[in-house]
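So this block is input_3.cif, mmCIF, C-alpha atoms and all ligand atoms:
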data_start
loop_
_atom_site.group_PDB
_atom_site.id
_atom_site.type_symbol
_atom_site.label_atom_id
_atom_site.label_comp_id
_atom_site.auth_asym_id
_atom_site.auth_seq_id
_atom_site.Cartn_x
_atom_site.Cartn_y
_atom_site.Cartn_z
ATOM 1 C CA MET E 1 -4.355 7.546 -6.794
ATOM 2 C CA ASP E 2 -2.318 6.673 -9.910
ATOM 3 C CA ASN E 3 -2.182 10.391 -10.792
ATOM 4 C CA ASP E 4 -0.157 11.072 -7.630
ATOM 5 C CA ILE E 5 2.560 8.608 -8.614
ATOM 6 C CA GLU E 6 5.627 9.763 -10.514
ATOM 7 C CA ARG E 7 6.653 6.271 -11.568
ATOM 8 C CA VAL E 8 6.031 2.669 -10.662
ATOM 9 C CA LEU E 9 9.080 0.966 -9.133
ATOM 10 C CA TYR E 10 7.740 -2.547 -8.567
ATOM 11 C CA SER E 11 4.551 -3.946 -10.063
ATOM 12 C CA ARG E 12 2.219 -6.364 -8.321
ATOM 13 C CA GLU E 13 3.623 -9.169 -10.505
ATOM 14 C CA GLU E 14 7.223 -8.334 -9.598
ATOM 15 C CA ILE E 15 6.322 -8.222 -5.903
ATOM 16 C CA LEU E 16 4.569 -11.598 -6.115
ATOM 17 C CA GLN E 17 7.623 -13.047 -7.850
ATOM 18 C CA ALA E 18 9.847 -11.659 -5.072
ATOM 19 C CA ALA E 19 7.522 -13.157 -2.435
ATOM 20 C CA ALA E 20 7.706 -16.538 -4.183
ATOM 21 C CA ARG E 21 11.518 -16.380 -4.383
ATOM 22 C CA LEU E 22 11.836 -15.427 -0.705
ATOM 23 C CA GLY E 23 9.168 -17.919 0.378
ATOM 24 C CA LYS E 24 11.099 -20.727 -1.246
ATOM 25 C CA GLN E 25 14.269 -19.756 0.602
ATOM 26 C CA LEU E 26 12.377 -19.324 3.879
ATOM 27 C CA THR E 27 10.819 -22.761 3.451
ATOM 28 C CA THR E 28 14.301 -24.258 3.305
ATOM 29 C CA ASP E 29 15.751 -22.138 6.103
ATOM 30 C CA PHE E 30 12.845 -22.509 8.554
ATOM 31 C CA LYS E 31 12.152 -26.194 8.009
ATOM 32 C CA ASP E 32 11.594 -27.815 11.434
ATOM 33 C CA LYS E 33 12.028 -24.474 13.248
ATOM 34 C CA LYS E 34 8.319 -23.729 13.767
ATOM 35 C CA PRO E 35 8.909 -19.970 13.679
ATOM 36 C CA ILE E 36 6.693 -17.175 14.898
ATOM 37 C CA VAL E 37 6.258 -14.842 11.951
ATOM 38 C CA ILE E 38 5.911 -11.291 13.241
ATOM 39 C CA SER E 39 4.357 -8.827 10.821
ATOM 40 C CA VAL E 40 5.108 -5.192 11.636
ATOM 41 C CA LEU E 41 1.901 -3.201 11.239
ATOM 42 C CA LYS E 42 0.666 -1.455 9.455
ATOM 43 C CA GLY E 43 2.968 -1.310 6.455
ATOM 44 C CA ALA E 44 3.997 -4.972 6.272
ATOM 45 C CA ILE E 45 0.493 -6.407 6.113
ATOM 46 C CA LEU E 46 0.212 -6.797 2.325
ATOM 47 C CA PHE E 47 3.668 -8.280 1.852
ATOM 48 C CA THR E 48 3.189 -10.603 4.845
ATOM 49 C CA VAL E 49 0.097 -12.105 3.252
ATOM 50 C CA ASP E 50 2.058 -12.832 0.069
ATOM 51 C CA VAL E 51 5.154 -14.270 1.759
ATOM 52 C CA ILE E 52 3.500 -16.574 4.297
ATOM 53 C CA LYS E 53 1.488 -18.271 1.545
ATOM 54 C CA GLU E 54 4.803 -19.178 -0.086
ATOM 55 C CA MET E 55 6.275 -20.668 3.114
ATOM 56 C CA ASP E 56 5.631 -24.375 3.367
ATOM 57 C CA VAL E 57 6.539 -24.737 7.032
ATOM 58 C CA TYR E 58 4.650 -24.935 10.308
ATOM 59 C CA ALA E 59 4.568 -21.327 11.476
ATOM 60 C CA GLU E 60 2.629 -19.135 13.877
ATOM 61 C CA LEU E 61 1.608 -15.629 12.939
ATOM 62 C CA ASP E 62 1.547 -12.600 15.188
ATOM 63 C CA PHE E 63 1.437 -8.833 14.753
ATOM 64 C CA ILE E 64 3.059 -5.856 16.391
ATOM 65 C CA ASP E 65 2.186 -2.261 15.614
ATOM 66 C CA ILE E 66 5.158 0.072 15.799
ATOM 67 C CA SER E 67 5.193 3.551 14.341
ATOM 68 C CA SER E 68 7.764 6.287 13.956
ATOM 69 C CA TYR E 69 6.750 8.211 10.841
ATOM 70 C CA HIS E 70 3.422 9.472 12.139
ATOM 71 C CA GLY E 71 2.174 9.917 8.586
ATOM 72 C CA GLY E 72 5.019 12.091 7.247
ATOM 73 C CA THR E 73 7.899 11.489 4.864
ATOM 74 C CA GLU E 74 10.672 11.367 7.482
ATOM 75 C CA SER E 75 11.194 9.247 10.564
ATOM 76 C CA SER E 76 10.360 11.212 13.715
ATOM 77 C CA GLY E 77 13.035 9.250 15.585
ATOM 78 C CA GLN E 78 10.520 8.519 18.308
ATOM 79 C CA ILE E 79 9.248 4.945 18.214
ATOM 80 C CA ASP E 80 5.809 4.166 19.582
ATOM 81 C CA LEU E 81 4.656 0.656 20.425
ATOM 82 C CA LEU E 82 0.966 0.888 19.547
ATOM 83 C CA HIS E 83 -0.010 -2.766 19.833
ATOM 84 C CA ASP E 84 2.079 -5.537 21.366
ATOM 85 C CA LEU E 85 2.438 -9.206 20.440
ATOM 86 C CA GLY E 86 0.025 -11.742 21.841
ATOM 87 C CA THR E 87 2.560 -14.575 21.932
ATOM 88 C CA ASP E 88 5.235 -15.574 24.432
ATOM 89 C CA ILE E 89 8.400 -15.605 22.323
ATOM 90 C CA ASP E 90 10.779 -16.973 24.966
ATOM 91 C CA GLY E 91 13.085 -19.491 23.252
ATOM 92 C CA ARG E 92 11.301 -19.223 19.900
ATOM 93 C CA ASN E 93 12.646 -18.706 16.380
ATOM 94 C CA ILE E 94 11.372 -15.435 14.971
ATOM 95 C CA LEU E 95 10.917 -14.180 11.448
ATOM 96 C CA ILE E 96 10.165 -10.445 11.312
ATOM 97 C CA ILE E 97 8.403 -9.264 8.168
ATOM 98 C CA GLU E 98 8.751 -5.582 7.264
ATOM 99 C CA ASP E 99 7.670 -3.506 4.291
ATOM 100 C CA ILE E 100 10.717 -1.234 4.345
ATOM 101 C CA ILE E 101 13.916 -0.674 6.310
ATOM 102 C CA ASP E 102 15.022 2.935 6.011
ATOM 103 C CA THR E 103 16.856 4.500 8.992
ATOM 104 C CA GLY E 104 16.661 1.074 10.638
ATOM 105 C CA ARG E 105 15.415 2.548 13.918
ATOM 106 C CA THR E 106 12.116 0.671 13.926
ATOM 107 C CA LEU E 107 13.844 -2.642 13.270
ATOM 108 C CA LYS E 108 16.505 -2.022 15.905
ATOM 109 C CA TYR E 109 13.812 -1.179 18.448
ATOM 110 C CA LEU E 110 11.984 -4.415 17.618
ATOM 111 C CA ILE E 111 15.082 -6.616 17.623
ATOM 112 C CA ASP E 112 16.140 -5.197 21.004
ATOM 113 C CA LEU E 113 12.647 -5.847 22.373
ATOM 114 C CA LEU E 114 12.633 -9.454 21.130
ATOM 115 C CA LYS E 115 16.107 -10.073 22.534
ATOM 116 C CA GLN E 116 15.002 -8.744 25.940
ATOM 117 C CA ARG E 117 12.173 -11.248 25.753
ATOM 118 C CA ASN E 118 14.644 -14.018 25.093
ATOM 119 C CA ALA E 119 13.922 -14.955 21.476
ATOM 120 C CA ALA E 120 16.163 -17.813 20.315
ATOM 121 C CA GLU E 121 16.861 -16.613 16.776
ATOM 122 C CA ILE E 122 15.706 -13.478 14.968
ATOM 123 C CA LYS E 123 15.684 -13.202 11.178
ATOM 124 C CA VAL E 124 14.329 -10.350 9.105
ATOM 125 C CA CYS E 125 12.557 -10.351 5.753
ATOM 126 C CA THR E 126 11.729 -7.038 4.107
ATOM 127 C CA LEU E 127 10.025 -6.127 0.863
ATOM 128 C CA LEU E 128 12.192 -3.033 0.437
ATOM 129 C CA ASP E 129 15.628 -2.121 1.720
ATOM 130 C CA LYS E 130 16.639 1.550 1.507
ATOM 131 C CA GLU E 131 20.257 1.160 2.512
ATOM 132 C CA GLU E 132 21.137 4.791 1.847
ATOM 133 C CA GLY E 133 18.755 5.868 4.593
ATOM 134 C CA ARG E 134 20.422 3.870 7.328
ATOM 135 C CA ALA E 135 21.114 5.679 10.636
ATOM 136 C CA VAL E 136 21.667 2.590 12.795
ATOM 137 C CA ASP E 137 23.432 -0.673 12.044
ATOM 138 C CA VAL E 138 20.780 -3.257 11.178
ATOM 139 C CA LYS E 139 20.449 -5.617 8.234
ATOM 140 C CA ALA E 140 17.754 -7.762 6.692
ATOM 141 C CA ASP E 141 18.415 -11.421 5.984
ATOM 142 C CA TYR E 142 15.890 -11.639 3.141
ATOM 143 C CA ILE E 143 15.312 -8.693 0.800
ATOM 144 C CA GLY E 144 12.744 -8.237 -1.942
ATOM 145 C CA PHE E 145 14.251 -5.155 -3.572
ATOM 146 C CA SER E 146 16.906 -2.554 -2.782
ATOM 147 C CA VAL E 147 15.286 0.839 -3.273
ATOM 148 C CA PRO E 148 16.745 4.229 -4.132
ATOM 149 C CA ASN E 149 16.529 7.074 -1.637
ATOM 150 C CA GLU E 150 13.139 8.384 -2.724
ATOM 151 C CA PHE E 151 9.825 8.537 -0.930
ATOM 152 C CA VAL E 152 7.859 5.477 -1.956
ATOM 153 C CA VAL E 153 4.273 4.481 -1.279
ATOM 154 C CA GLY E 154 1.957 1.598 -2.067
ATOM 155 C CA TYR E 155 1.710 -2.080 -1.210
ATOM 156 C CA GLY E 156 1.347 -1.193 2.476
ATOM 157 C CA LEU E 157 3.509 1.930 2.535
ATOM 158 C CA ASP E 158 1.662 5.157 3.249
ATOM 159 C CA TYR E 159 1.803 8.899 3.113
ATOM 160 C CA LYS E 160 -0.504 10.331 5.776
ATOM 161 C CA GLU E 161 -2.145 6.897 6.021
ATOM 162 C CA LEU E 162 -3.111 6.884 2.323
ATOM 163 C CA TYR E 163 -1.816 4.860 -0.658
ATOM 164 C CA ARG E 164 -1.373 1.646 1.358
ATOM 165 C CA ASN E 165 -3.855 -0.082 -0.953
ATOM 166 C CA LEU E 166 -2.022 0.741 -4.185
ATOM 167 C CA PRO E 167 -1.268 -2.649 -5.770
ATOM 168 C CA TYR E 168 2.326 -1.638 -6.585
ATOM 169 C CA VAL E 169 5.211 0.342 -5.087
ATOM 170 C CA GLY E 170 5.778 3.737 -6.640
ATOM 171 C CA VAL E 171 7.512 7.058 -6.123
ATOM 172 C CA LEU E 172 5.139 9.721 -4.867
ATOM 173 C CA LYS E 173 5.175 12.978 -6.823
ATOM 174 C CA PRO E 174 6.987 15.500 -4.625
ATOM 175 C CA GLU E 175 4.219 18.055 -5.172
ATOM 176 C CA VAL E 176 1.871 15.762 -3.242
ATOM 177 C CA TYR E 177 3.854 16.195 -0.020
ATOM 178 C CA THR E 178 5.304 19.657 -0.568
ATOM 179 C CA SER E 179 2.000 21.401 -1.391
HETATM 180 C C1 LIG H 201 7.483 2.393 8.471
HETATM 181 C C2 LIG H 201 7.761 1.004 7.942
HETATM 182 C C3 LIG H 201 8.820 0.475 8.869
HETATM 183 C C4 LIG H 201 9.567 1.719 9.283
HETATM 184 C C5 LIG H 201 10.851 1.817 8.537
HETATM 185 O O1 LIG H 201 6.562 2.330 9.516
HETATM 186 O O2 LIG H 201 6.598 0.209 7.955
HETATM 187 O O3 LIG H 201 8.256 -0.166 9.995
HETATM 188 O O4 LIG H 201 8.723 2.839 8.959
HETATM 189 O O5 LIG H 201 11.509 3.015 8.799
HETATM 190 P P1 LIG H 201 12.842 3.143 9.639
HETATM 191 O O6 LIG H 201 13.774 2.112 9.155
HETATM 192 O O7 LIG H 201 13.323 4.557 9.314
HETATM 193 O O8 LIG H 201 12.509 3.003 11.101
HETATM 194 P P2 LIG H 201 5.736 3.619 10.033
HETATM 195 O O9 LIG H 201 6.378 4.220 11.234
HETATM 196 O O10 LIG H 201 5.486 4.567 8.878
HETATM 197 O O11 LIG H 201 4.384 2.947 10.490
HETATM 198 P P3 LIG H 201 3.343 2.150 9.552
HETATM 199 O O12 LIG H 201 3.968 0.838 9.181
HETATM 200 O O13 LIG H 201 2.150 1.979 10.405
HETATM 201 O O14 LIG H 201 3.095 3.021 8.329
#
Translate the structure of the given file into C-alpha cells.
Amino acid sequence: MDNDIERVLYSREEILQAAARLGKQLTTDFKDKKPIVISVLKGAILFTVDVIKEMDVYAELDFIDISSYHGGTESSGQIDLLHDLGTDIDGRNILIIEDIIDTGRTLKYLIDLLKQRNAAEIKVCTLLDKEEGRAVDVKADYIGFSVPNEFVVGYGLDYKELYRNLPYVGVLKPEVYTS
C-alpha cells in the first residue's frame, strides 16, 4: 500500500500524540458529564480507539454508520444511515468522534438527527479538519490536525474501501484514482 501514497501527512506517533492531547482536554471538559461517545463508522473507528483510551471519565460508547462518499473521492451529497445507534440519547451529553470533516454534510446530518432526538449537549472531536472543503456551516470542538485540500487515506479513511488499515494518514497518488 505504501507505494500508492505520495507522501505521509501524519505518522502513527503524531496521531497518538494528538489523541493524547485531545483526550486530556476531553477528560477535563467531560468530567461528571457521563457522555455517550458516538463513533461515526467506518472511518472514525481507529481514531476512536485511540481517543477513548485517553479519556479518564465515565463514558458510554456507541456507533452509527453514515456514508456519503460511496467509495469515491468526492461526497455524493446523499447521506445514507446504514446502521443506527443502540442507545436512547434523550437528555444525554454527546461526544461525536469523526475521522474527517470535509464538506460538513455528514456531520450536519448527524447533529440534526441528535438534536431531533433531544440530546442535551453535542460536541465534536475529529482527527482531521479540511476547512477548505466546507459546504455547510459546521465546526468541530476538538481537532487533531487541519488538513490541506487533498485526497487523504489511511488511519480509517478509505478509497474504495481500501487503505483504512494504513497506520498513518497520507496523500493518495492521483494516478491511483484517475487510472
Ligand atoms: C467520510 C468520513 C466522514 C465524512 C466526511 O465518511 O468518515 O464521515 O465522509 O465528509 P463530509 O464532511 O464531506 O460529509 P464516508 O461517507 O466516506 O463513509 P466511511 O466513514 O464509511 O468511509
At most 6 Å is the cut-off: for each residue in chain E with any atom that close to an atom of ligand LIG 201 (chain H), write down the nearest atom pair and the distance in Å rounded to one decimal, counting all atoms listed in the file, chain first then increasing number, as a tab-separated table.
residue	atom	partner	partner_atom	distance
E:Leu41	CA	H:LIG201	O12	5.0
E:Lys42	CA	H:LIG201	O13	3.9
E:Gly43	CA	H:LIG201	O12	3.6
E:Ser67	CA	H:LIG201	O9	3.4
E:Ser68	CA	H:LIG201	O9	3.7
E:Tyr69	CA	H:LIG201	O9	4.0
E:Ser75	CA	H:LIG201	O7	5.3
E:Asp99	CA	H:LIG201	O2	5.3
E:Ile100	CA	H:LIG201	C2	5.2
E:Ile101	CA	H:LIG201	O6	4.0
E:Asp102	CA	H:LIG201	O6	3.5
E:Thr103	CA	H:LIG201	O7	3.5
E:Gly104	CA	H:LIG201	O6	3.4
E:Arg105	CA	H:LIG201	O8	4.1
E:Thr106	CA	H:LIG201	O8	3.7
E:Leu157	CA	H:LIG201	O14	5.9
E:Asp158	CA	H:LIG201	O14	5.7
**OP:** To one decimal in Å, tell me the separation between CA of Val51 (chain E) and CA of Thr73 (chain E).
**Re:** 26.1 Å
Subject >> All residues 10 Å or closer to Gly23 (chain E), only C-alpha atoms, same chain fewer than 2 positions away omitted, as a ChimeraX atom specification >> reply: /E:17-21,25-29,50-57,125,142
Subject >> Exercise: Arg117 (chain E) partners within 9 Å, only C-alpha atoms, chain neighbours under 6 positions left out, as a list in words >> reply: Asp88, Ile89, Asp90 and Gly91 of chain E
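Put simply, CA of Ile111 (chain E) is 28.4 Å away from CA of Val171 (chain E).
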**OP:** Record the distance separating CA of Ile79 (chain E) and CA of Tyr109 (chain E), expressed in Å with one decimal.
**Re:**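 These atoms are spaced 7.6 Å apart.
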Original post:
If the PyMOL selection byres (((chain E and resi 145) around 9) and not hetatm) is run on the structure shown, which residues does it catch, given as a PyMOL selection string?
Top reply: chain E and resi 10+15+18+126-130+143-144+146-147
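Applied to the file shown here, the PyMOL selection byres (((chain E and resi 65) around 10) and not hetatm) selects E:Ser39, E:Val40, E:Leu41, E:Lys42, E:Gly43, E:Ala44, E:Phe63, E:Ile64, E:Ile66, E:Ser67, E:Asp80, E:Leu81, E:Leu82, E:His83, E:Asp84, E:Leu85.
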